Every structure is written in structure tokens, then in C-alpha cells.
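Report on one structure; see the data block that follows.
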Amino acid sequence: RLDEPDVPGWRGRGIDCAGSRPRHLLAIGNLLLAANEASNNVAIFRLSADGEPNLAATLPSGAPTVFVRLLSNAYEKTASSIVISVFSA
């Protein structure tokens with residue numbers, strides 16, 4: 001949940017993590033990654049202009065627990081893709 005339940009809009013409702021037991025979240029630009037440990041998947045959300053997360057894809061992964069960024073911020077600004085590593089329990 002991102003805000004109190006009585007706040008109007010999506011912030012008061014919280015969001016579905018597209019899996020079970022999210023262990024780690026990582027924001028990269030307009031993307032939000034969720035490592036869902038118990039459902040063995042990584043959920044990828046696109047963030048709208050107001051920050052609302054919208055599910056873009058889910059990827060299978062063996063009990064993901066943490067994301068590690070492998071590129072520096074300076075390089076990411078010119079890179080067409082972002083390299084991350086997913087560690088499992």
C-alpha cells in the first residue's frame with residue numbers, strides 16, 4: 001500500500017504484485033521490478049506519469065530475492081537496455 005486506504009485513486013488501494021511474497025522492489029526509470037519469491041517470478045511494471053504502476057510482463061525466475069544493478073547511472077543514460085542480475089534464495 002502506497003498511502004492510507006481512504007486516499008482516493010490508486011495510491012490508497014495498493015497494488016497487486018502479480019505474484020506472491022514480494023521480496024525486493026527496484027525502480028529503474030519508468031519501470032518497477034518486483035521479485036516475487038514464493039511464486040517464482042519477476043513482475044515488471046511501467047510507471048505512468050502520476051506514478052501508477054501498470055503490469056507490463058512477468059518472467060519466470062527461481063525464487064527471486066534481490067535485484068542488483070550492474071551498470072552505473074552514467075552509462076544507463078546512454079544505454080538502450082539495462083543489465084540487472086536476479087539472485088535467488
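If you're wondering about the labels, chains in the C-alpha cells are A, B, ... by order shown, residues count from 1 in each chain, ligands from 1 in order shown.
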Near segment 59-64 of chain A, counting only C-alpha atoms, which residues have an atom at most 12 Å away, once you skip same-chain residues fewer than 5 positions from it, shown as a PDB file with all heavy atoms, in the first residue's frame?
```pdb
ATOM      1  N   ALA A  18       1.490  -9.101  -8.739  1.00  0.00           N
ATOM      2  CA  ALA A  18       1.500 -10.070  -9.839  1.00  0.00           C
ATOM      3  C   ALA A  18       2.233 -11.352  -9.458  1.00  0.00           C
ATOM      4  O   ALA A  18       2.818 -12.018 -10.300  1.00  0.00           O
ATOM      5  CB  ALA A  18       2.078  -9.460 -11.106  1.00  0.00           C
ATOM      6  N   GLY A  19       2.209 -11.663  -8.181  1.00  0.00           N
ATOM      7  CA  GLY A  19       2.864 -12.873  -7.696  1.00  0.00           C
ATOM      8  C   GLY A  19       2.582 -13.051  -6.225  1.00  0.00           C
ATOM      9  O   GLY A  19       1.587 -12.556  -5.702  1.00  0.00           O
ATOM     10  N   SER A  20       3.497 -13.722  -5.547  1.00  0.00           N
ATOM     11  CA  SER A  20       3.318 -13.988  -4.128  1.00  0.00           C
ATOM     12  C   SER A  20       4.616 -13.721  -3.373  1.00  0.00           C
ATOM     13  O   SER A  20       5.688 -14.100  -3.815  1.00  0.00           O
ATOM     14  CB  SER A  20       2.902 -15.451  -3.956  1.00  0.00           C
ATOM     15  OG  SER A  20       2.710 -15.759  -2.611  1.00  0.00           O
ATOM     16  N   ARG A  21       4.483 -13.094  -2.231  1.00  0.00           N
ATOM     17  CA  ARG A  21       5.578 -12.727  -1.339  1.00  0.00           C
ATOM     18  C   ARG A  21       6.676 -11.921  -2.036  1.00  0.00           C
ATOM     19  O   ARG A  21       7.794 -12.387  -2.232  1.00  0.00           O
ATOM     20  CB  ARG A  21       6.171 -13.935  -0.651  1.00  0.00           C
ATOM     21  CG  ARG A  21       6.993 -13.513   0.555  1.00  0.00           C
ATOM     22  CD  ARG A  21       7.520 -14.616   1.433  1.00  0.00           C
ATOM     23  NE  ARG A  21       7.027 -15.925   1.176  1.00  0.00           N
ATOM     24  CZ  ARG A  21       7.774 -17.021   1.266  1.00  0.00           C
ATOM     25  NH1 ARG A  21       9.024 -16.948   1.601  1.00  0.00           N
ATOM     26  NH2 ARG A  21       7.254 -18.202   1.031  1.00  0.00           N
ATOM     27  N   PRO A  22       6.408 -10.659  -2.386  1.00  0.00           N
ATOM     28  CA  PRO A  22       7.448  -9.825  -2.996  1.00  0.00           C
ATOM     29  C   PRO A  22       8.586  -9.582  -2.004  1.00  0.00           C
ATOM     30  O   PRO A  22       8.353  -9.133  -0.892  1.00  0.00           O
ATOM     31  CB  PRO A  22       6.725  -8.533  -3.362  1.00  0.00           C
ATOM     32  CG  PRO A  22       5.531  -8.500  -2.472  1.00  0.00           C
ATOM     33  CD  PRO A  22       5.167  -9.926  -2.186  1.00  0.00           C
ATOM     34  N   ARG A  23       9.812  -9.926  -2.394  1.00  0.00           N
ATOM     35  CA  ARG A  23      10.976  -9.776  -1.514  1.00  0.00           C
ATOM     36  C   ARG A  23      11.754  -8.497  -1.771  1.00  0.00           C
ATOM     37  O   ARG A  23      12.415  -7.981  -0.892  1.00  0.00           O
ATOM     38  CB  ARG A  23      11.943 -10.952  -1.716  1.00  0.00           C
ATOM     39  CG  ARG A  23      11.565 -12.224  -1.023  1.00  0.00           C
ATOM     40  CD  ARG A  23      11.818 -12.191   0.466  1.00  0.00           C
ATOM     41  NE  ARG A  23      13.171 -11.960   0.875  1.00  0.00           N
ATOM     42  CZ  ARG A  23      14.056 -12.880   1.193  1.00  0.00           C
ATOM     43  NH1 ARG A  23      13.740 -14.148   1.113  1.00  0.00           N
ATOM     44  NH2 ARG A  23      15.260 -12.561   1.582  1.00  0.00           N
ATOM     45  N   HIS A  24      11.725  -8.006  -3.015  1.00  0.00           N
ATOM     46  CA  HIS A  24      12.526  -6.833  -3.346  1.00  0.00           C
ATOM     47  C   HIS A  24      11.853  -6.068  -4.469  1.00  0.00           C
ATOM     48  O   HIS A  24      11.269  -6.656  -5.365  1.00  0.00           O
ATOM     49  CB  HIS A  24      13.939  -7.276  -3.759  1.00  0.00           C
ATOM     50  CG  HIS A  24      14.908  -6.155  -3.876  1.00  0.00           C
ATOM     51  ND1 HIS A  24      15.731  -5.994  -4.945  1.00  0.00           N
ATOM     52  CD2 HIS A  24      15.198  -5.123  -3.036  1.00  0.00           C
ATOM     53  CE1 HIS A  24      16.493  -4.922  -4.775  1.00  0.00           C
ATOM     54  NE2 HIS A  24      16.175  -4.385  -3.626  1.00  0.00           N
ATOM     55  N   LEU A  25      11.939  -4.745  -4.394  1.00  0.00           N
ATOM     56  CA  LEU A  25      11.457  -3.863  -5.455  1.00  0.00           C
ATOM     57  C   LEU A  25      12.620  -3.035  -5.953  1.00  0.00           C
ATOM     58  O   LEU A  25      13.471  -2.625  -5.167  1.00  0.00           O
ATOM     59  CB  LEU A  25      10.364  -2.933  -4.933  1.00  0.00           C
ATOM     60  CG  LEU A  25       9.105  -3.591  -4.394  1.00  0.00           C
ATOM     61  CD1 LEU A  25       8.197  -2.541  -3.758  1.00  0.00           C
ATOM     62  CD2 LEU A  25       8.368  -4.336  -5.478  1.00  0.00           C
ATOM     63  N   LEU A  33      10.398  -3.144 -10.861  1.00  0.00           N
ATOM     64  CA  LEU A  33      10.543  -4.596 -10.856  1.00  0.00           C
ATOM     65  C   LEU A  33      10.190  -5.121  -9.472  1.00  0.00           C
ATOM     66  O   LEU A  33      10.587  -4.539  -8.465  1.00  0.00           O
ATOM     67  CB  LEU A  33      11.983  -4.996 -11.183  1.00  0.00           C
ATOM     68  CG  LEU A  33      12.603  -4.405 -12.446  1.00  0.00           C
ATOM     69  CD1 LEU A  33      14.037  -4.888 -12.594  1.00  0.00           C
ATOM     70  CD2 LEU A  33      11.787  -4.745 -13.660  1.00  0.00           C
ATOM     71  N   ALA A  34       9.454  -6.233  -9.429  1.00  0.00           N
ATOM     72  CA  ALA A  34       9.097  -6.886  -8.169  1.00  0.00           C
ATOM     73  C   ALA A  34       9.591  -8.325  -8.210  1.00  0.00           C
ATOM     74  O   ALA A  34       9.241  -9.082  -9.116  1.00  0.00           O
ATOM     75  CB  ALA A  34       7.587  -6.857  -7.950  1.00  0.00           C
ATOM     76  N   ALA A  35      10.439  -8.706  -7.243  1.00  0.00           N
ATOM     77  CA  ALA A  35      10.929 -10.080  -7.127  1.00  0.00           C
ATOM     78  C   ALA A  35       9.957 -10.846  -6.232  1.00  0.00           C
ATOM     79  O   ALA A  35       9.958 -10.669  -5.021  1.00  0.00           O
ATOM     80  CB  ALA A  35      12.335 -10.092  -6.522  1.00  0.00           C
ATOM     81  N   ASN A  36       9.104 -11.666  -6.833  1.00  0.00           N
ATOM     82  CA  ASN A  36       8.079 -12.412  -6.107  1.00  0.00           C
ATOM     83  C   ASN A  36       8.613 -13.802  -5.766  1.00  0.00           C
ATOM     84  O   ASN A  36       8.577 -14.724  -6.581  1.00  0.00           O
ATOM     85  CB  ASN A  36       6.809 -12.501  -6.947  1.00  0.00           C
ATOM     86  CG  ASN A  36       6.188 -11.140  -7.157  1.00  0.00           C
ATOM     87  OD1 ASN A  36       6.021 -10.385  -6.219  1.00  0.00           O
ATOM     88  ND2 ASN A  36       5.845 -10.831  -8.385  1.00  0.00           N
ATOM     89  N   GLU A  37       9.107 -13.939  -4.538  1.00  0.00           N
ATOM     90  CA  GLU A  37       9.829 -15.141  -4.134  1.00  0.00           C
ATOM     91  C   GLU A  37       8.968 -16.415  -4.166  1.00  0.00           C
ATOM     92  O   GLU A  37       9.359 -17.420  -4.745  1.00  0.00           O
ATOM     93  CB  GLU A  37      10.407 -14.953  -2.736  1.00  0.00           C
ATOM     94  CG  GLU A  37      11.188 -16.147  -2.250  1.00  0.00           C
ATOM     95  CD  GLU A  37      11.724 -15.968  -0.854  1.00  0.00           C
ATOM     96  OE1 GLU A  37      11.184 -15.160  -0.088  1.00  0.00           O
ATOM     97  OE2 GLU A  37      12.695 -16.664  -0.535  1.00  0.00           O
ATOM     98  N   ALA A  38       7.796 -16.392  -3.552  1.00  0.00           N
ATOM     99  CA  ALA A  38       7.010 -17.616  -3.419  1.00  0.00           C
ATOM    100  C   ALA A  38       6.370 -18.074  -4.730  1.00  0.00           C
ATOM    101  O   ALA A  38       6.100 -19.251  -4.906  1.00  0.00           O
ATOM    102  CB  ALA A  38       5.931 -17.434  -2.354  1.00  0.00           C
ATOM    103  N   SER A  39       6.140 -17.155  -5.659  1.00  0.00           N
ATOM    104  CA  SER A  39       5.543 -17.546  -6.947  1.00  0.00           C
ATOM    105  C   SER A  39       6.589 -17.711  -8.048  1.00  0.00           C
ATOM    106  O   SER A  39       6.238 -17.966  -9.198  1.00  0.00           O
ATOM    107  CB  SER A  39       4.481 -16.531  -7.374  1.00  0.00           C
ATOM    108  OG  SER A  39       5.038 -15.233  -7.455  1.00  0.00           O
ATOM    109  N   ASN A  40       7.864 -17.565  -7.693  1.00  0.00           N
ATOM    110  CA  ASN A  40       8.961 -17.802  -8.641  1.00  0.00           C
ATOM    111  C   ASN A  40       8.848 -16.961  -9.917  1.00  0.00           C
ATOM    112  O   ASN A  40       8.974 -17.474 -11.022  1.00  0.00           O
ATOM    113  CB  ASN A  40       9.051 -19.290  -9.015  1.00  0.00           C
ATOM    114  CG  ASN A  40       9.343 -20.153  -7.819  1.00  0.00           C
ATOM    115  OD1 ASN A  40      10.174 -19.820  -6.990  1.00  0.00           O
ATOM    116  ND2 ASN A  40       8.641 -21.261  -7.708  1.00  0.00           N
ATOM    117  N   ASN A  41       8.584 -15.665  -9.740  1.00  0.00           N
ATOM    118  CA  ASN A  41       8.534 -14.806 -10.914  1.00  0.00           C
ATOM    119  C   ASN A  41       9.000 -13.391 -10.603  1.00  0.00           C
ATOM    120  O   ASN A  41       9.086 -12.981  -9.448  1.00  0.00           O
ATOM    121  CB  ASN A  41       7.126 -14.792 -11.530  1.00  0.00           C
ATOM    122  CG  ASN A  41       6.133 -13.956 -10.754  1.00  0.00           C
ATOM    123  OD1 ASN A  41       6.224 -13.836  -9.545  1.00  0.00           O
ATOM    124  ND2 ASN A  41       5.178 -13.387 -11.445  1.00  0.00           N
ATOM    125  N   VAL A  42       9.338 -12.685 -11.665  1.00  0.00           N
ATOM    126  CA  VAL A  42       9.672 -11.268 -11.595  1.00  0.00           C
ATOM    127  C   VAL A  42       8.577 -10.534 -12.351  1.00  0.00           C
ATOM    128  O   VAL A  42       8.273 -10.874 -13.499  1.00  0.00           O
ATOM    129  CB  VAL A  42      11.047 -10.976 -12.228  1.00  0.00           C
ATOM    130  CG1 VAL A  42      11.299  -9.479 -12.332  1.00  0.00           C
ATOM    131  CG2 VAL A  42      12.156 -11.650 -11.438  1.00  0.00           C
ATOM    132  N   ALA A  43       7.951  -9.560 -11.705  1.00  0.00           N
ATOM    133  CA  ALA A  43       6.918  -8.750 -12.350  1.00  0.00           C
ATOM    134  C   ALA A  43       7.529  -7.422 -12.759  1.00  0.00           C
ATOM    135  O   ALA A  43       8.286  -6.814 -11.996  1.00  0.00           O
ATOM    136  CB  ALA A  43       5.747  -8.529 -11.401  1.00  0.00           C
ATOM    137  N   ILE A  44       7.196  -6.983 -13.959  1.00  0.00           N
ATOM    138  CA  ILE A  44       7.701  -5.716 -14.486  1.00  0.00           C
ATOM    139  C   ILE A  44       6.509  -4.799 -14.690  1.00  0.00           C
ATOM    140  O   ILE A  44       5.554  -5.148 -15.391  1.00  0.00           O
ATOM    141  CB  ILE A  44       8.449  -5.926 -15.812  1.00  0.00           C
ATOM    142  CG1 ILE A  44       9.590  -6.919 -15.602  1.00  0.00           C
ATOM    143  CG2 ILE A  44       8.959  -4.593 -16.352  1.00  0.00           C
ATOM    144  CD1 ILE A  44      10.198  -7.429 -16.879  1.00  0.00           C
ATOM    145  N   PHE A  45       6.562  -3.627 -14.046  1.00  0.00           N
ATOM    146  CA  PHE A  45       5.503  -2.632 -14.150  1.00  0.00           C
ATOM    147  C   PHE A  45       6.027  -1.399 -14.857  1.00  0.00           C
ATOM    148  O   PHE A  45       7.170  -0.987 -14.630  1.00  0.00           O
ATOM    149  CB  PHE A  45       5.019  -2.211 -12.749  1.00  0.00           C
ATOM    150  CG  PHE A  45       4.390  -3.323 -11.966  1.00  0.00           C
ATOM    151  CD1 PHE A  45       5.162  -4.161 -11.173  1.00  0.00           C
ATOM    152  CD2 PHE A  45       3.027  -3.538 -12.016  1.00  0.00           C
ATOM    153  CE1 PHE A  45       4.600  -5.186 -10.442  1.00  0.00           C
ATOM    154  CE2 PHE A  45       2.443  -4.564 -11.289  1.00  0.00           C
ATOM    155  CZ  PHE A  45       3.233  -5.387 -10.499  1.00  0.00           C
ATOM    156  N   SER A  85      20.954  -8.301 -12.383  1.00  0.00           N
ATOM    157  CA  SER A  85      21.109  -9.694 -12.026  1.00  0.00           C
ATOM    158  C   SER A  85      20.084 -10.004 -10.952  1.00  0.00           C
ATOM    159  O   SER A  85      19.838  -9.195 -10.065  1.00  0.00           O
ATOM    160  CB  SER A  85      22.524  -9.962 -11.501  1.00  0.00           C
ATOM    161  OG  SER A  85      22.691 -11.325 -11.224  1.00  0.00           O
ATOM    162  N   VAL A  86      19.465 -11.176 -11.042  1.00  0.00           N
ATOM    163  CA  VAL A  86      18.465 -11.602 -10.075  1.00  0.00           C
ATOM    164  C   VAL A  86      19.059 -12.731  -9.263  1.00  0.00           C
ATOM    165  O   VAL A  86      19.521 -13.730  -9.813  1.00  0.00           O
ATOM    166  CB  VAL A  86      17.179 -12.088 -10.779  1.00  0.00           C
ATOM    167  CG1 VAL A  86      16.157 -12.537  -9.755  1.00  0.00           C
ATOM    168  CG2 VAL A  86      16.609 -11.004 -11.685  1.00  0.00           C
ATOM    169  N   PHE A  87      19.092 -12.566  -7.948  1.00  0.00           N
ATOM    170  CA  PHE A  87      19.624 -13.597  -7.062  1.00  0.00           C
ATOM    171  C   PHE A  87      18.468 -14.342  -6.408  1.00  0.00           C
ATOM    172  O   PHE A  87      17.482 -13.740  -6.007  1.00  0.00           O
ATOM    173  CB  PHE A  87      20.529 -12.982  -5.996  1.00  0.00           C
ATOM    174  CG  PHE A  87      21.819 -12.483  -6.559  1.00  0.00           C
ATOM    175  CD1 PHE A  87      21.926 -11.172  -7.002  1.00  0.00           C
ATOM    176  CD2 PHE A  87      22.913 -13.327  -6.689  1.00  0.00           C
ATOM    177  CE1 PHE A  87      23.115 -10.705  -7.540  1.00  0.00           C
ATOM    178  CE2 PHE A  87      24.095 -12.871  -7.228  1.00  0.00           C
ATOM    179  CZ  PHE A  87      24.194 -11.553  -7.656  1.00  0.00           C
ATOM    180  N   SER A  88      18.604 -15.649  -6.303  1.00  0.00           N
ATOM    181  CA  SER A  88      17.579 -16.492  -5.706  1.00  0.00           C
ATOM    182  C   SER A  88      18.046 -17.056  -4.377  1.00  0.00           C
ATOM    183  O   SER A  88      19.255 -17.167  -4.144  1.00  0.00           O
ATOM    184  CB  SER A  88      17.250 -17.650  -6.643  1.00  0.00           C
ATOM    185  OG  SER A  88      16.752 -17.140  -7.866  1.00  0.00           O
ATOM    186  N   ALA A  89      17.080 -17.419  -3.550  1.00  0.00           N
ATOM    187  CA  ALA A  89      17.383 -17.982  -2.235  1.00  0.00           C
ATOM    188  C   ALA A  89      17.922 -19.392  -2.371  1.00  0.00           C
ATOM    189  O   ALA A  89      17.676 -20.098  -3.294  1.00  0.00           O
ATOM    190  CB  ALA A  89      16.139 -17.993  -1.364  1.00  0.00           C
TER     191      ALA A  89
END
```
*asked:* Calculated over only C-alpha atoms, which of the candidates A:Val7, A:Asn30, A:Arg69, A:Asp16 has the smallest distance to Asp50 of chain A?
replied: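 Looking only at the distances to Asp50 of chain A, the closest residue turns out to be A:Asn30.
Nearest to Val66 of chain A of all the residues A:Asp6, A:Cys17, A:Ser48, A:Leu26 is A:Leu26, counting only C-alpha atoms.
For the pair atom CA of Pro53 of chain A and atom CA of Glu4 of chain A, the separation is 17.0 Å.
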*Could you pull the residues within 10 Å of Leu47 of chain A, counting only C-alpha atoms, minus those fewer than 4 positions along the same chain, as a list in words?*
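Final neighbour list, sorted by chain and number: Ala27, Ile28, Gly29, Asn30, Leu31, Leu32, Gly51, Glu52, Pro53, Asn54, Leu55 and Ala56 of chain A.
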Write the residues of the selection above to a file with C-alpha atoms, as a compact mmCIF listing (two decimals), in the first residue's frame.
```txt
# COMPACT_ATOMS: atom_id res chain seq x y z
CA ALA A 27 12.73 1.23 -9.73
CA ILE A 28 14.63 1.92 -12.95
CA GLY A 29 13.46 4.97 -14.87
CA ASN A 30 9.75 4.41 -15.61
CA LEU A 31 9.90 0.71 -14.69
CA LEU A 32 9.33 -1.01 -11.36
CA GLY A 51 3.45 7.05 -10.73
CA GLU A 52 0.69 4.44 -11.06
CA PRO A 53 2.26 1.02 -11.73
CA ASN A 54 0.74 -0.97 -14.63
CA LEU A 55 1.76 -4.58 -15.17
CA ALA A 56 3.79 -4.93 -18.39
```
